[in-house]
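Below you'll find the structure, written out as structure tokens, and then a few comments.
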Amino acid sequence: MADPHFFSVADPFSLGEIARIGGGTLGPGADPARLVRDVAPLETASFDDISFLDNRKYIPAFTASRAGACLVQPALAERAPPSMALVLTDEPYRAYALIAQAFYPDPVPSGVIDPRAVVDPSARIGVGTEVAAGVVIGPRVEIGRRCTIAALAVIDPGVVIGDDCTVGAHVSLSHCLIGHRVVIYPGARLGQDGFGFALSRDGYTKVPQLGRVIVGDDVEIGANTTIDRGAGPDTIIGPGCRIDNLVQIGHNVHLGRGCVVVAQVGISGSTRVGDFAMMGGQAGLIGHLSIGDGARIGAQAGIIRDVAAGETVVGSPALPAREYWRQRVVLEHMARRDKAREPEK
Amino acid sequence: MADPHFFSVADPFSLGEIARIGGGTLGPGADPARLVRDVAPLETASFDDISFLDNRKYIPAFTASRAGACLVQPALAERAPPSMALVLTDEPYRAYALIAQAFYPDPVPSGVIDPRAVVDPSARIGVGTEVAAGVVIGPRVEIGRRCTIAALAVIDPGVVIGDDCTVGAHVSLSHCLIGHRVVIYPGARLGQDGFGFALSRDGYTKVPQLGRVIVGDDVEIGANTTIDRGAGPDTIIGPGCRIDNLVQIGHNVHLGRGCVVVAQVGISGSTRVGDFAMMGGQAGLIGHLSIGDGARIGAQAGIIRDVAAGETVVGSPALPAREYWRQRVVLEHMARRDKAREPEK
Amino acid sequence: MADPHFFSVADPFSLGEIARIGGGTLGPGADPARLVRDVAPLETASFDDISFLDNRKYIPAFTASRAGACLVQPALAERAPPSMALVLTDEPYRAYALIAQAFYPDPVPSGVIDPRAVVDPSARIGVGTEVAAGVVIGPRVEIGRRCTIAALAVIDPGVVIGDDCTVGAHVSLSHCLIGHRVVIYPGARLGQDGFGFALSRDGYTKVPQLGRVIVGDDVEIGANTTIDRGAGPDTIIGPGCRIDNLVQIGHNVHLGRGCVVVAQVGISGSTRVGDFAMMGGQAGLIGHLSIGDGARIGAQAGIIRDVAAGETVVGSPALPAREYWRQRVVLEHMARRDKAREPEK
């Protein structure tokens, strides 16, 4: 059970309601009227909880679990302990997500602007939006309805934010236009100058950064992530993108829809990424590249050439995954042969 | 045109003035009296704008551009569309930078200390310096003239900052001496304790960090970058260094003049870097190394040995670039041969 | 001598006291009554200072040093200049740390809650704890005794902090329980939502993150580091862990006791790390792994498989160190042979 110090759980749901919320069907013998009081991990769930099995690695935990109910793919149902009620679904993790949302709905913004926030009189703030203590909001800022602006966020002049957004503690926003239902985690920095200077015999000359950051609807931006504004064109984060913590996105980068960018990735200036591309943790992309729709870039990969749509690349510098692994195997064989030739020490 | 919501453009310049500001010469047939109203990227520039061509990758965009004027190297002038007025220069990007600065000059600090800032009475703040709401300035801090201290920055006791500096939102500064014309982007952390502890049979013993961070003139430090103070010696950032976002610089590191440190680089304690060295994104350097003047370190490179002046190294662990690429090619050949030997599946 | 602008030094100690504090013994001829006034690096130490030699790289500096006294291992004593008083110890760096702590004790918290902090009336703050200007403390927060909460930290509802902790400027804490003697450096983010969403045909579904961050006693957490709260289980940082700057720790990660995590490491969700494991800078670990006690993970290593207790792994993807270096050597030989076969150009 989630710590009541931090979370409050909704009233119980019947197993029938649970199946409906999660989009699954009850397994054989499951009683639709049975009450479910909470969600919980397999290891700690008890008789009143519903859990889920999504990763085959956790089948033993599933088999040993005391959860009263569990979300599971039909093919794995037979591994359940006998007393467990099953809710069958092809997407147990998604079903779990929906059910957990029902048990733990997002808090509703208070709609109160804390008197200790500093709000420029020319800023417009929508109905239902909560602005916490210590927030600093500049001239001509526009914030939509039902947003939460957490403590000590800074929103610079002219920034526009849509409805139902969350701006975390210590976030700083400048030169950006933010869509609806966007969540920005603590300490993220959007819209500062890009890393733009001209190298010449006389040293470095600063290049004014005259673009913006445009963030589409339903985007999440992780803690302490930095997104520089465009140099002339804009930096664009397409709708539905999920960006993790400590990511760096350079000026003029364009992410398509629904990209997943795992922690500590760096994307250099002017690189364009298609829709639904995935970038594993700590991957790095140099500038001015084109990455196709649905491309998959491995963790720690170093991308120095364009990547075609749907391609999977790994390594630094990156290669198509097949080729990369072939090279690794060849090298391993040679090292083994070399070792065999050595006299024993 | 830059979004007037965020930027305001200066009055037009004549093409003759533009050429003078950028340090170029007018191409054949260009009218020096013609008015230029703005800068713009090749793709979106119109008849009143000046653009630039700096990367051969964008020659097609140059040829197709509707920009009324363009900065270009003489050798590429023939690729221009017929109606475009040219300004010829060996350094088009630098010329663009200077012209863009003329159209979009930096805002002048207001010289006002916001009454909602918390400024210790013993702090000294120079004429013309602007201190935003929510800033916290400790005892004995000295700030020069015409600086901008953005909202919610924290400047700890004794910190000294020169003239014409910008300290971004949410920056925290302690134990540091900052030169003139330094720009520190939002969320950067300077002067906290280095990662200093002694390992021993009895566990870890904290080592007091008794040095400072010394930042030279004309340095830029990126968003959410961290620079630890020295352990006894100082951490030193030489004049003119350009440091990108999310960079980690350990205690006692010494960067020479004009180094370029791209995003997410990490430099471990006590490493010395010469003048004008360049470090690509996500490169990592272990501690106690010596990196020569003008060394070039590739993106994601892992530096575990000294690098000579002027040397280019890539890979992890890094090798001289020639050697590294030779090894890659050899491995690729072997993998291909190996594949050819395989029976088809 | 540490800059008196930032540090104040305690009264002198006799060399006898110094040896006792550092746990060493006086070398032949050293006068126990001699006064030592400060600590200093070998290069800049003078007659009144004590320095230390810990890294063989600095033997020349030791031999050339003007330090009046020095901590050194017995085996290196003969390299000392003739006039230097020696304090012999097997652990000179630890001894230095203890002596430096004596000369520069941590400042004692003032015990004052700044009236410009925003403290919810339901929060409980222990005796002797200092709360700086601009701090925002939410409902039901509990903070122990003798803590320092630096300017503009944000502590969200329900967070619990033990005694003798330091929370740096601009830190944000939510959904976490913090032990005693924990130091959190500026800009660190603890307890925000993990990167949790279910991928499905219909896009991404947010998974509520219902766990906490539990931080053991004597932990240090670096500047701008991010630690996400658990998704259901907790994220756990064991007692005595030392975490550097810009580290990312995902939801449900469990670090054992005394782990050392160098800057810019990323640890993905649900990975378990044993006691006293070490992770070099920029290493990355995928999720759901098990890393044994005392494992050593090289800088920039990419960990995609479990690592056994005591094992040393390097490379990306990582291999046991011996195997990794063998492969490197084999590849190097082949590239050299290949070069020898080439006709000269």
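Labels for the structure tokens follow display order: chains A, B, ..., residues from 1 in each chain, ligands from 1.
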
Same-sequence superposition of chain B onto chain A, all C-alpha, as a tab-separated table (two decimals) with C-alpha atoms, in the first residue's frame:
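What landed in out-v5.tsv:
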chain	number	residue	atom	x	y	z
B	1	MET	CA	0.01	-0.01	-0.01
B	2	ALA	CA	1.28	3.41	-0.89
B	3	ASP	CA	2.51	5.34	2.14
B	4	PRO	CA	-0.53	7.32	3.41
B	5	HIS	CA	1.94	9.98	4.53
B	6	PHE	CA	2.29	10.86	0.84
B	7	PHE	CA	-0.64	9.32	-1.02
B	8	SER	CA	-4.34	8.90	-0.41
B	9	VAL	CA	-6.15	5.98	-1.91
B	10	ALA	CA	-9.66	6.12	-3.40
B	11	ASP	CA	-12.52	3.90	-2.26
B	12	PRO	CA	-12.43	0.21	-3.20
B	13	PHE	CA	-13.54	-1.00	-6.61
B	14	SER	CA	-15.21	-4.28	-7.41
B	15	LEU	CA	-13.19	-6.70	-9.50
B	16	GLY	CA	-15.72	-6.21	-12.28
B	17	GLU	CA	-15.11	-2.44	-12.25
B	18	ILE	CA	-11.37	-3.09	-12.16
B	19	ALA	CA	-11.57	-5.25	-15.28
B	20	ARG	CA	-13.57	-2.55	-17.04
B	21	ILE	CA	-11.15	0.24	-16.05
B	22	GLY	CA	-8.15	-1.80	-17.14
B	23	GLY	CA	-9.76	-3.06	-20.31
B	24	GLY	CA	-9.37	-6.75	-19.41
B	25	THR	CA	-11.60	-9.75	-18.85
B	26	LEU	CA	-12.05	-11.77	-15.70
B	27	GLY	CA	-10.29	-15.13	-15.57
B	28	PRO	CA	-12.21	-18.33	-14.87
B	29	GLY	CA	-13.73	-18.40	-11.40
B	30	ALA	CA	-13.00	-14.76	-10.58
B	31	ASP	CA	-15.82	-13.13	-8.64
B	32	PRO	CA	-16.79	-9.77	-10.21
B	33	ALA	CA	-18.29	-8.54	-6.92
B	34	ARG	CA	-15.12	-9.07	-4.94
B	35	LEU	CA	-13.65	-5.82	-3.60
B	36	VAL	CA	-10.18	-4.63	-4.50
B	37	ARG	CA	-8.72	-2.00	-2.19
B	38	ASP	CA	-5.36	-1.08	-3.66
B	39	VAL	CA	-2.63	-1.77	-6.18
B	40	ALA	CA	0.68	-3.29	-5.03
B	41	PRO	CA	3.85	-4.94	-6.39
B	42	LEU	CA	3.81	-8.75	-6.60
B	43	GLU	CA	6.21	-9.15	-3.69
B	44	THR	CA	4.24	-7.10	-1.17
B	45	ALA	CA	0.64	-7.39	-2.39
B	46	SER	CA	-1.90	-8.93	-0.05
B	47	PHE	CA	-5.37	-10.41	-0.37
B	48	ASP	CA	-7.08	-7.05	-0.99
B	49	ASP	CA	-4.65	-5.85	-3.65
B	50	ILE	CA	-4.34	-6.16	-7.38
B	51	SER	CA	-0.88	-6.54	-8.89
B	52	PHE	CA	0.45	-7.15	-12.41
B	53	LEU	CA	2.92	-9.35	-14.28
B	54	ASP	CA	4.56	-7.70	-17.26
B	55	ASN	CA	8.19	-8.89	-17.37
B	56	ARG	CA	8.89	-12.64	-17.62
B	57	LYS	CA	11.75	-12.07	-15.19
B	58	TYR	CA	9.15	-11.76	-12.45
B	59	ILE	CA	7.26	-15.04	-13.10
B	60	PRO	CA	8.68	-16.57	-9.89
B	61	ALA	CA	7.45	-13.57	-7.91
B	62	PHE	CA	4.07	-13.99	-9.62
B	63	THR	CA	3.85	-17.64	-8.68
B	64	ALA	CA	4.80	-16.84	-5.08
B	65	SER	CA	2.63	-13.74	-4.77
B	66	ARG	CA	-0.13	-13.33	-2.21
B	67	ALA	CA	-1.93	-10.75	-4.31
B	68	GLY	CA	-5.67	-11.35	-4.26
B	69	ALA	CA	-5.90	-10.37	-7.92
B	70	CYS	CA	-3.48	-9.90	-10.75
B	71	LEU	CA	-3.34	-8.54	-14.29
B	72	VAL	CA	-1.68	-11.04	-16.59
B	73	GLN	CA	-1.46	-12.09	-20.22
B	74	PRO	CA	-3.61	-15.15	-20.96
B	75	ALA	CA	-0.53	-17.20	-21.92
B	76	LEU	CA	0.94	-16.84	-18.45
B	77	ALA	CA	-2.27	-17.44	-16.51
B	78	GLU	CA	-1.34	-21.02	-15.74
B	79	ARG	CA	1.64	-19.82	-13.68
B	80	ALA	CA	-0.65	-18.12	-11.16
B	81	PRO	CA	-1.06	-19.44	-7.64
B	82	PRO	CA	-4.43	-21.20	-7.25
B	83	SER	CA	-6.21	-18.67	-5.05
B	84	MET	CA	-5.38	-15.62	-7.19
B	85	ALA	CA	-8.18	-13.94	-9.16
B	86	LEU	CA	-6.94	-13.10	-12.64
B	87	VAL	CA	-7.75	-10.24	-14.95
B	88	LEU	CA	-6.65	-11.23	-18.43
B	89	THR	CA	-5.29	-8.62	-20.83
B	90	ASP	CA	-2.74	-8.40	-23.60
B	91	GLU	CA	-1.34	-5.26	-22.00
B	92	PRO	CA	-1.09	-5.87	-18.26
B	93	TYR	CA	1.19	-2.90	-17.59
B	94	ARG	CA	-1.13	-0.49	-19.34
B	95	ALA	CA	-4.11	-1.99	-17.51
B	96	TYR	CA	-2.23	-1.58	-14.23
B	97	ALA	CA	-1.51	2.04	-15.11
B	98	LEU	CA	-5.19	2.79	-15.67
B	99	ILE	CA	-6.25	1.04	-12.48
B	100	ALA	CA	-3.55	2.75	-10.44
B	101	GLN	CA	-4.76	6.08	-11.83
B	102	ALA	CA	-8.24	5.22	-10.58
B	103	PHE	CA	-6.96	4.40	-7.08
B	104	TYR	CA	-4.61	7.39	-6.97
B	105	PRO	CA	-6.06	10.18	-9.09
B	106	ASP	CA	-3.88	13.25	-9.64
B	107	PRO	CA	-4.54	15.96	-7.05
B	108	VAL	CA	-6.79	18.74	-8.33
B	109	PRO	CA	-5.04	22.14	-8.43
B	110	SER	CA	-6.33	24.43	-5.68
B	111	GLY	CA	-6.94	27.36	-8.01
B	112	VAL	CA	-5.22	29.62	-5.50
B	113	ILE	CA	-2.45	32.06	-6.33
B	114	ASP	CA	-0.25	32.19	-3.26
B	115	PRO	CA	0.19	35.80	-2.10
B	116	ARG	CA	3.91	35.12	-1.77
B	117	ALA	CA	4.22	34.45	-5.48
B	118	VAL	CA	5.49	37.35	-7.59
B	119	VAL	CA	3.12	37.73	-10.52
B	120	ASP	CA	3.44	40.59	-12.98
B	121	PRO	CA	0.12	42.43	-13.31
B	122	SER	CA	0.15	41.93	-17.07
B	123	ALA	CA	0.29	38.12	-16.75
B	124	ARG	CA	-2.94	36.22	-17.44
B	125	ILE	CA	-3.65	33.13	-15.39
B	126	GLY	CA	-6.53	30.79	-16.15
B	127	VAL	CA	-9.32	29.72	-13.84
B	128	GLY	CA	-8.44	26.84	-11.54
B	129	THR	CA	-4.70	27.30	-11.82
B	130	GLU	CA	-2.63	27.03	-8.66
B	131	VAL	CA	0.49	29.15	-8.23
B	132	ALA	CA	2.67	28.25	-5.26
B	133	ALA	CA	4.74	30.42	-2.96
B	134	GLY	CA	7.86	31.98	-4.35
B	135	VAL	CA	6.93	31.54	-8.01
B	136	VAL	CA	8.10	34.43	-10.23
B	137	ILE	CA	5.93	35.15	-13.28
B	138	GLY	CA	7.00	37.87	-15.69
B	139	PRO	CA	5.13	40.35	-17.87
B	140	ARG	CA	2.78	39.12	-20.60
B	141	VAL	CA	2.94	35.48	-19.47
B	142	GLU	CA	-0.20	33.48	-20.30
B	143	ILE	CA	-1.08	30.37	-18.31
B	144	GLY	CA	-4.11	28.24	-19.08
B	145	ARG	CA	-6.69	26.66	-16.82
B	146	ARG	CA	-6.22	24.07	-14.10
B	147	CYS	CA	-2.42	24.23	-14.15
B	148	THR	CA	-0.14	23.67	-11.18
B	149	ILE	CA	2.86	25.95	-10.94
B	150	ALA	CA	5.01	24.60	-8.11
B	151	ALA	CA	7.10	26.52	-5.64
B	152	LEU	CA	9.90	28.73	-6.92
B	153	ALA	CA	9.30	28.15	-10.60
B	154	VAL	CA	10.38	31.08	-12.80
B	155	ILE	CA	8.35	31.93	-15.90
B	156	ASP	CA	9.96	34.63	-18.00
B	157	PRO	CA	8.21	37.36	-19.99
B	158	GLY	CA	5.93	36.28	-22.78
B	159	VAL	CA	5.89	32.55	-22.09
B	160	VAL	CA	2.61	30.84	-22.99
B	161	ILE	CA	1.39	27.68	-21.23
B	162	GLY	CA	-1.74	25.68	-22.13
B	163	ASP	CA	-4.37	24.05	-19.91
B	164	ASP	CA	-3.84	21.27	-17.37
B	165	CYS	CA	-0.07	21.62	-17.23
B	166	THR	CA	2.25	21.01	-14.30
B	167	VAL	CA	5.38	23.09	-13.91
B	168	GLY	CA	7.58	21.60	-11.19
B	169	ALA	CA	9.53	23.27	-8.42
B	170	HIS	CA	12.53	25.33	-9.53
B	171	VAL	CA	11.72	25.00	-13.23
B	172	SER	CA	12.80	27.95	-15.37
B	173	LEU	CA	11.00	28.74	-18.59
B	174	SER	CA	11.86	31.45	-21.08
B	175	HIS	CA	11.10	32.06	-24.74
B	176	CYS	CA	8.75	29.11	-24.97
B	177	LEU	CA	5.23	28.11	-25.95
B	178	ILE	CA	3.92	25.09	-24.07
B	179	GLY	CA	0.92	22.99	-25.12
B	180	HIS	CA	-1.80	21.37	-23.03
B	181	ARG	CA	-1.33	18.62	-20.45
B	182	VAL	CA	2.43	19.09	-20.38
B	183	VAL	CA	4.34	18.00	-17.27
B	184	ILE	CA	7.70	19.61	-16.56
B	185	TYR	CA	9.64	18.09	-13.67
B	186	PRO	CA	11.68	20.01	-11.09
B	187	GLY	CA	14.74	21.89	-12.22
B	188	ALA	CA	14.16	21.56	-15.96
B	189	ARG	CA	15.41	24.54	-18.00
B	190	LEU	CA	13.63	25.51	-21.18
B	191	GLY	CA	14.38	28.33	-23.54
B	192	GLN	CA	17.81	29.57	-22.49
B	193	ASP	CA	20.30	30.52	-25.18
B	194	GLY	CA	21.69	27.68	-27.23
B	195	PHE	CA	25.40	26.99	-27.42
B	196	GLY	CA	25.86	29.33	-30.32
B	197	PHE	CA	29.04	31.13	-31.18
B	198	ALA	CA	31.14	31.59	-34.25
B	199	LEU	CA	34.75	30.43	-34.08
B	200	SER	CA	37.16	32.64	-35.88
B	201	ARG	CA	40.71	33.87	-35.79
B	202	ASP	CA	39.60	36.55	-33.34
B	203	GLY	CA	38.06	34.10	-30.89
B	204	TYR	CA	34.43	33.37	-30.28
B	205	THR	CA	31.58	35.62	-31.30
B	206	LYS	CA	28.26	35.08	-29.59
B	207	VAL	CA	25.41	34.36	-32.00
B	208	PRO	CA	22.08	35.78	-30.76
B	209	GLN	CA	19.60	32.98	-30.27
B	210	LEU	CA	16.40	34.30	-31.82
B	211	GLY	CA	14.12	31.26	-31.83
B	212	ARG	CA	11.84	29.71	-29.26
B	213	VAL	CA	11.07	26.33	-27.71
B	214	ILE	CA	7.73	24.94	-28.86
B	215	VAL	CA	6.40	22.06	-26.76
B	216	GLY	CA	3.44	20.06	-28.06
B	217	ASP	CA	0.53	18.65	-26.07
B	218	ASP	CA	0.96	15.73	-23.67
B	219	VAL	CA	4.72	16.04	-23.38
B	220	GLU	CA	6.68	15.12	-20.23
B	221	ILE	CA	10.07	16.70	-19.57
B	222	GLY	CA	12.28	15.22	-16.84
B	223	ALA	CA	14.02	16.74	-13.86
B	224	ASN	CA	17.06	18.92	-14.54
B	225	THR	CA	16.70	18.42	-18.28
B	226	THR	CA	17.80	21.34	-20.48
B	227	ILE	CA	16.21	22.38	-23.76
B	228	ASP	CA	17.83	25.33	-25.48
B	229	ARG	CA	15.77	27.66	-27.61
B	230	GLY	CA	16.31	27.86	-31.33
B	231	ALA	CA	18.95	30.03	-32.94
B	232	GLY	CA	16.58	31.34	-35.59
B	233	PRO	CA	14.36	28.38	-36.33
B	234	ASP	CA	12.63	27.02	-33.22
B	235	THR	CA	13.46	24.03	-31.06
B	236	ILE	CA	10.41	21.79	-31.33
B	237	ILE	CA	9.26	18.97	-29.07
B	238	GLY	CA	6.43	17.10	-30.77
B	239	PRO	CA	3.18	16.08	-29.06
B	240	GLY	CA	3.37	13.11	-26.72
B	241	CYS	CA	7.17	13.03	-26.35
B	242	ARG	CA	8.47	11.51	-23.13
B	243	ILE	CA	11.79	13.01	-22.06
B	244	ASP	CA	13.56	11.68	-18.98
B	245	ASN	CA	15.89	13.42	-16.51
B	246	LEU	CA	19.17	15.21	-17.28
B	247	VAL	CA	18.65	15.17	-21.04
B	248	GLN	CA	20.26	17.88	-23.17
B	249	ILE	CA	18.45	19.09	-26.28
B	250	GLY	CA	20.32	21.64	-28.37
B	251	HIS	CA	19.04	24.57	-30.37
B	252	ASN	CA	16.90	23.94	-33.46
B	253	VAL	CA	16.40	20.27	-32.62
B	254	HIS	CA	13.06	18.99	-33.88
B	255	LEU	CA	11.54	15.93	-32.21
B	256	GLY	CA	8.52	14.40	-33.89
B	257	ARG	CA	5.50	12.91	-32.13
B	258	GLY	CA	5.80	10.45	-29.28
B	259	CYS	CA	9.57	10.17	-29.09
B	260	VAL	CA	11.01	8.51	-25.99
B	261	VAL	CA	14.26	10.02	-24.76
B	262	VAL	CA	15.80	8.20	-21.83
B	263	ALA	CA	17.92	9.86	-19.14
B	264	GLN	CA	21.15	11.69	-19.95
B	265	VAL	CA	20.72	11.57	-23.71
B	266	GLY	CA	22.25	14.50	-25.59
B	267	ILE	CA	20.92	15.73	-28.94
B	268	SER	CA	23.07	18.33	-30.67
B	269	GLY	CA	21.83	21.34	-32.54
B	270	SER	CA	19.63	21.16	-35.65
B	271	THR	CA	19.16	17.38	-35.58
B	272	ARG	CA	15.68	16.26	-36.71
B	273	VAL	CA	14.10	13.19	-35.19
B	274	GLY	CA	11.04	11.52	-36.68
B	275	ASP	CA	7.90	10.29	-34.92
B	276	PHE	CA	8.06	7.63	-32.21
B	277	ALA	CA	11.84	7.31	-32.26
B	278	MET	CA	13.41	5.88	-29.10
B	279	MET	CA	16.75	6.88	-27.64
B	280	GLY	CA	18.32	4.77	-24.88
B	281	GLY	CA	20.01	6.29	-21.87
B	282	GLN	CA	23.21	8.32	-22.40
B	283	ALA	CA	22.98	8.09	-26.19
B	284	GLY	CA	24.50	11.07	-27.97
B	285	LEU	CA	23.61	12.51	-31.37
B	286	ILE	CA	25.77	15.00	-33.20
B	287	GLY	CA	24.16	17.95	-34.89
B	288	HIS	CA	22.47	18.38	-38.28
B	289	LEU	CA	21.37	14.73	-38.55
B	290	SER	CA	18.12	13.22	-39.69
B	291	ILE	CA	16.71	10.33	-37.64
B	292	GLY	CA	13.78	8.50	-39.22
B	293	ASP	CA	10.38	7.62	-37.77
B	294	GLY	CA	10.47	4.74	-35.34
B	295	ALA	CA	14.26	4.57	-35.24
B	296	ARG	CA	15.66	2.85	-32.16
B	297	ILE	CA	18.93	4.13	-30.78
B	298	GLY	CA	20.68	2.00	-28.17
B	299	ALA	CA	21.80	3.17	-24.77
B	300	GLN	CA	25.17	4.97	-24.92
B	301	ALA	CA	25.09	4.87	-28.71
B	302	GLY	CA	27.01	7.58	-30.52
B	303	ILE	CA	25.13	8.74	-33.59
B	304	ILE	CA	27.28	10.47	-36.18
B	305	ARG	CA	25.27	9.65	-39.31
B	306	ASP	CA	21.62	9.74	-40.31
B	307	VAL	CA	19.50	6.82	-39.12
B	308	ALA	CA	16.81	5.44	-41.41
B	309	ALA	CA	13.19	5.04	-40.34
B	310	GLY	CA	12.67	1.90	-38.29
B	311	GLU	CA	16.38	1.14	-38.05
B	312	THR	CA	17.96	-0.09	-34.80
B	313	VAL	CA	21.48	1.12	-34.13
B	314	VAL	CA	23.88	0.49	-31.27
B	315	GLY	CA	27.48	1.24	-30.33
B	316	SER	CA	29.65	4.33	-30.50
B	317	PRO	CA	29.95	5.25	-33.25
B	318	ALA	CA	26.72	3.43	-33.92
B	319	LEU	CA	26.17	0.63	-36.42
B	320	PRO	CA	23.09	-1.33	-37.40
B	321	ALA	CA	22.54	-3.70	-34.49
B	322	ARG	CA	23.24	-6.92	-36.51
B	323	GLU	CA	26.51	-5.60	-37.81
B	324	TYR	CA	27.57	-4.32	-34.43
B	325	TRP	CA	26.98	-7.66	-32.70
B	326	ARG	CA	28.71	-9.55	-35.51
B	327	GLN	CA	31.81	-7.41	-34.98
B	328	ARG	CA	31.70	-8.02	-31.24
B	329	VAL	CA	31.48	-11.78	-31.75
B	330	VAL	CA	34.35	-11.82	-34.24
B	331	LEU	CA	36.55	-9.87	-31.86
B	332	GLU	CA	35.66	-12.17	-29.00
B	333	HIS	CA	36.57	-15.25	-31.07
B	334	MET	CA	39.88	-13.80	-32.03
B	335	ALA	CA	40.71	-12.89	-28.45
B	336	ARG	CA	39.86	-16.43	-27.39
B	337	ARG	CA	42.00	-17.97	-30.14
B	338	ASP	CA	44.82	-15.64	-29.19
B	339	LYS	CA	44.54	-16.74	-25.59
B	340	ALA	CA	44.57	-20.42	-26.59
B	341	ARG	CA	47.84	-19.85	-28.46
B	342	GLU	CA	49.50	-18.30	-25.43
B	343	PRO	CA	51.68	-20.53	-23.29
B	344	GLU	CA	50.15	-20.95	-19.84
B	345	LYS	CA	51.65	-18.63	-17.26

message: If DSSP is run on the backbone, what residues of range 160-254 of chain C are strand (DSSP E)? A reply as a VMD selection string would be ideal.
response: chain C and resid 160 to 161 166 to 167 172 to 173 176 to 178 183 to 184 189 to 190 197 to 200 203 to 206 213 to 215 220 to 221 226 to 227 235 to 237 242 to 243 248 to 249 254

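Of all the residues in range 22-110 of chain C, the ones DSSP labels as alpha helix (DSSP H) from the backbone are C:Gly22, C:Ile59, C:Pro60, C:Ala61, C:Phe62, C:Thr63, C:Ala64, C:Pro92, C:Tyr93, C:Arg94, C:Ala95, C:Tyr96, C:Ala97, C:Leu98, C:Ile99, C:Ala100, C:Gln101, C:Ala102, C:Phe103.
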